Amino acid sequence: MVNLNSISIIPIIISGVIFFSFVYLVIITERQSKAREKLQRSLEKLKKAYDDLDEQAKIIVKKDLELNKTQEDLDKKLNSLYTLHKLSKAISTTFDTEKLFAQIDKSFISELGFDKGLFILTGAQGQKLSLPVTVGYSQETLEKIKEVLKKKDVLSRIHQPLLVDKSLSYDSLNKELLETFALASLCAVPIISQEAALGLIILGNDLPYAQVTEGDLEILSILAGQIASGLENARLYEELWNSHQDLEKRVMQRTRELELANEKLTKLDKIKSDFVSAVSHELRTPLTSIKGYASILMAGKLGEIPESVKERLEKVNKHSDSLVKLVNDLLDISRIERGKIGMKLEELGLKEIIDEVVDIITPQAKEKKIQLSVDAPKEIPLCLADRVQLGRVFTNLLGNAIKFTPEKGKIAISVKENEDHFNIEVRDSGIGIAEENLANIFEEFYRVDNAVNQKVKGTGLGLSLVKRIVEAHKGRIWVESKLGEGTKFSFTIPKA
Ligand code: ADP
């Protein structure tokens, strides 16, 4: 049996359950909505984080691309610099423009990153147009380019490096350049040396994607500078070479002229010697007769002659003697010169020859109270000389020394032995010779215009003869002197 009390409790329980379930449902629903909100917020946060990440990824990719591009540019620049370095080495070792431009070939242009290239030279005055380097152009296109360059002044309008690209601003010059050189992009760099424009470098590409950059322009500016200095060096070298050639030509011409003049002088000298020798010969015979007749007359062989005539005959005899001496000296000079008088070389004691001459000359020295000394080693080897001619050398030198030394002066002869010759000096304390006259002293008939020469007669042949005799002995003679202080003649004679 169901208890009534328990039946009445059931609805209460049910409504209780429903109530609590409802409350529970309300709580759950509220919790769920809170959780959903939270989830939504987290989701939004996550989305934002994702967006940020995406943004950053994009930046990284962009940066990476940029880095790659910079790396590429750097590699290109490095490559170009290396290529330029090779060229500058070649430029520094040649002065030949042909060789210089031969280095710039297809591979050089493509190493710099270009398809086509043209090097245009105009010369310093712009009058000579040439294309020493052409890469990537057909002959036909080159002819067309030349025609345009001759007609239009495209080159003179480019004063500094220029970057021309279809994508860049497109002014009339740019358009003209791209059309003239049949390119889609190009670098135009003038070659300038010492303010003068020598030409232009055009390098470019005809494909639109291979664009030129500022970096290319920098590299090409360096290249243009190198070419300019190469051309300048070649020009200087050519100038130097030309002036060297010119100089050599002039030297050769002068040498020829001198040779001809020398030949003429030798001929003239021979004519003079022949003349002197002929005249001297012709003079000698009548002179001998004059002397002979004068002697006969003086000796009274043709009858007694008055004293006054005798005096004059003595003068005739004396003058004839000096004329005979002059003629003999003249004859000897020309004979020695022409090798007609051979030196009769023999082994001689130098001291002995000197003493002989000193003996003869001492009375003259004494007359002027001149002190005469000889300084020669006691034991000296023999010399190799012609006795008579060597005697003439000493006679002439000592005769002059006495003539040009005032009273109470000094004359000293010294002999020094050397390896294969003797060094002989004749020194005096006489009037000396002025510097400007020293060079002429050994010339024939040369006499210094001084007080002694105005008083004392002379021929000006003595030293000329002495020089020829010394030289015929393969010796040397020279003079040192100071005006008013004295003179020193030195000469060499070979040892036996
Ligand atoms: P000469 O004595 O006949 O004039 P030389 O040929 O011997 O001819 O000499 C040429 C000239 O050189 C002399 O006239 C003289 O002016 C100068 N001379 C030569 N020897 C001496 C000397 N010892 N001192 C000064 N002058 C000299």
# chains A, B, ... in the order shown; residues from 1 in each chain; ligands from 1
call {"tool": "select_by_dssp", "arguments": {"residues": "stretch 370-445 of chain A", "states": "alpha helix (DSSP H)", "output": "list in words"}}
result
Arg387, Val388, Gln389, Leu390, Gly391, Arg392, Val393, Phe394, Thr395, Asn396, Leu397, Leu398, Gly399, Asn400, Ala401, Ile402, Lys403, Glu435, Glu436, Asn437 and Leu438 of chain A
call {"tool": "residues_around", "arguments": {"residues": "A:Gly199", "least_positions_apart": "3", "cutoff": "6 Å", "atoms": "only C-alpha atoms", "output": "PyMOL selection string"}}
result
chain A and resi 120-122+190-191
call {"tool": "residues_near_ligand", "arguments": {"ligand": "ligand 1", "cutoff": "6 Å", "atoms": "only C-alpha atoms and all ligand atoms", "output": "PyMOL selection string"}}
result
chain A and resi 400-401+404+430-433+441+446-448+458-464+487
call {"tool": "closest_residue", "arguments": {"among": "A:Ser481, A:Ser308, A:Asn317, A:Thr180", "to": "A:Ser295", "atoms": "only C-alpha atoms"}}
result
A:Asn317
call {"tool": "closest_residue", "arguments": {"among": "A:Ser221, A:Glu176, A:Lys77, A:Ile227", "to": "A:Lys99", "atoms": "only C-alpha atoms"}}
result
A:Ile227
call {"tool": "atom_distance", "arguments": {"atom1": "atom CA of A:Ser280", "atom2": "atom CA of A:Lys403"}}
result
26.2 Å
call {"tool": "residues_around", "arguments": {"residues": "A:Phe119", "least_positions_apart": "6", "cutoff": "10 Å", "atoms": "only C-alpha atoms", "output": "count of residues only"}}
result
18
call {"tool": "closest_residue", "arguments": {"among": "A:Lys150, A:Arg250, A:Lys144, A:Arg476", "to": "A:Phe181", "atoms": "only C-alpha atoms"}}
result
A:Lys144
call {"tool": "select_by_dssp", "arguments": {"residues": "stretch 206-445 of chain A", "states": "strand (DSSP E)", "output": "NGL selection string"}}
result
:A and (346-348 or 371-375 or 383-385 or 410-417 or 421-428)
call {"tool": "write_last_selection", "arguments": {"atoms": "C-alpha atoms", "output": "PDB file, in the first residue's frame"}}
result
ATOM      1  CA  GLU A 346     167.077  55.026 -80.328  1.00  0.00           C
ATOM      2  CA  GLU A 347     167.723  54.323 -76.669  1.00  0.00           C
ATOM      3  CA  LEU A 348     168.973  57.552 -75.133  1.00  0.00           C
ATOM      4  CA  GLN A 371     169.068  80.729 -62.587  1.00  0.00           C
ATOM      5  CA  LEU A 372     168.823  77.464 -64.544  1.00  0.00           C
ATOM      6  CA  SER A 373     168.383  74.170 -62.666  1.00  0.00           C
ATOM      7  CA  VAL A 374     167.900  70.531 -63.676  1.00  0.00           C
ATOM      8  CA  ASP A 375     166.195  68.054 -61.364  1.00  0.00           C
ATOM      9  CA  CYS A 383     164.195  56.756 -73.154  1.00  0.00           C
ATOM     10  CA  LEU A 384     163.212  55.908 -76.736  1.00  0.00           C
ATOM     11  CA  ALA A 385     163.605  59.018 -78.877  1.00  0.00           C
ATOM     12  CA  LYS A 410     164.317  81.144 -62.603  1.00  0.00           C
ATOM     13  CA  ILE A 411     164.028  78.242 -65.028  1.00  0.00           C
ATOM     14  CA  ALA A 412     163.763  74.679 -63.781  1.00  0.00           C
ATOM     15  CA  ILE A 413     163.785  71.422 -65.735  1.00  0.00           C
ATOM     16  CA  SER A 414     162.504  68.340 -63.970  1.00  0.00           C
ATOM     17  CA  VAL A 415     162.224  64.709 -65.036  1.00  0.00           C
ATOM     18  CA  LYS A 416     159.919  62.178 -63.372  1.00  0.00           C
ATOM     19  CA  GLU A 417     159.801  58.512 -64.180  1.00  0.00           C
ATOM     20  CA  HIS A 421     157.094  57.012 -69.903  1.00  0.00           C
ATOM     21  CA  PHE A 422     158.924  60.047 -68.528  1.00  0.00           C
ATOM     22  CA  ASN A 423     157.164  63.211 -67.469  1.00  0.00           C
ATOM     23  CA  ILE A 424     159.300  66.237 -68.269  1.00  0.00           C
ATOM     24  CA  GLU A 425     158.557  69.780 -67.091  1.00  0.00           C
ATOM     25  CA  VAL A 426     160.127  73.079 -68.166  1.00  0.00           C
ATOM     26  CA  ARG A 427     159.031  75.727 -65.660  1.00  0.00           C
ATOM     27  CA  ASP A 428     159.858  79.435 -65.715  1.00  0.00           C
TER      28      ASP A 428
END
call {"tool": "residues_around", "arguments": {"residues": "stretch 386-393 of chain A", "least_positions_apart": "2", "cutoff": "6 Å", "atoms": "only C-alpha atoms", "output": "PyMOL selection string"}}
result
chain A and resi 343-345+395-396+466
call {"tool": "residues_around", "arguments": {"residues": "A:Asn174", "least_positions_apart": "2", "cutoff": "12 Å", "atoms": "only C-alpha atoms", "output": "list in words"}}
result
Val154, Arg157, Ile158, Leu162, Leu163, Val164, Asp165, Lys166, Ser167, Leu168, Ser169, Tyr170, Asp171, Ser172, Glu176, Leu177, Leu178, Glu179, Thr180, Phe181, Ala182, Leu183, Ala184, Ser185, Leu186, Cys187 and Ala188 of chain A
call {"tool": "atom_distance", "arguments": {"atom1": "atom CA of A:Leu217", "atom2": "atom CA of A:Val61"}}
result
28.9 Å
call {"tool": "residues_around", "arguments": {"residues": "A:Asp96", "least_positions_apart": "5", "cutoff": "9 Å", "atoms": "only C-alpha atoms", "output": "JSON, numbers by chain"}}
result
{"A": [91, 101, 230, 231, 233, 234, 237, 238]}
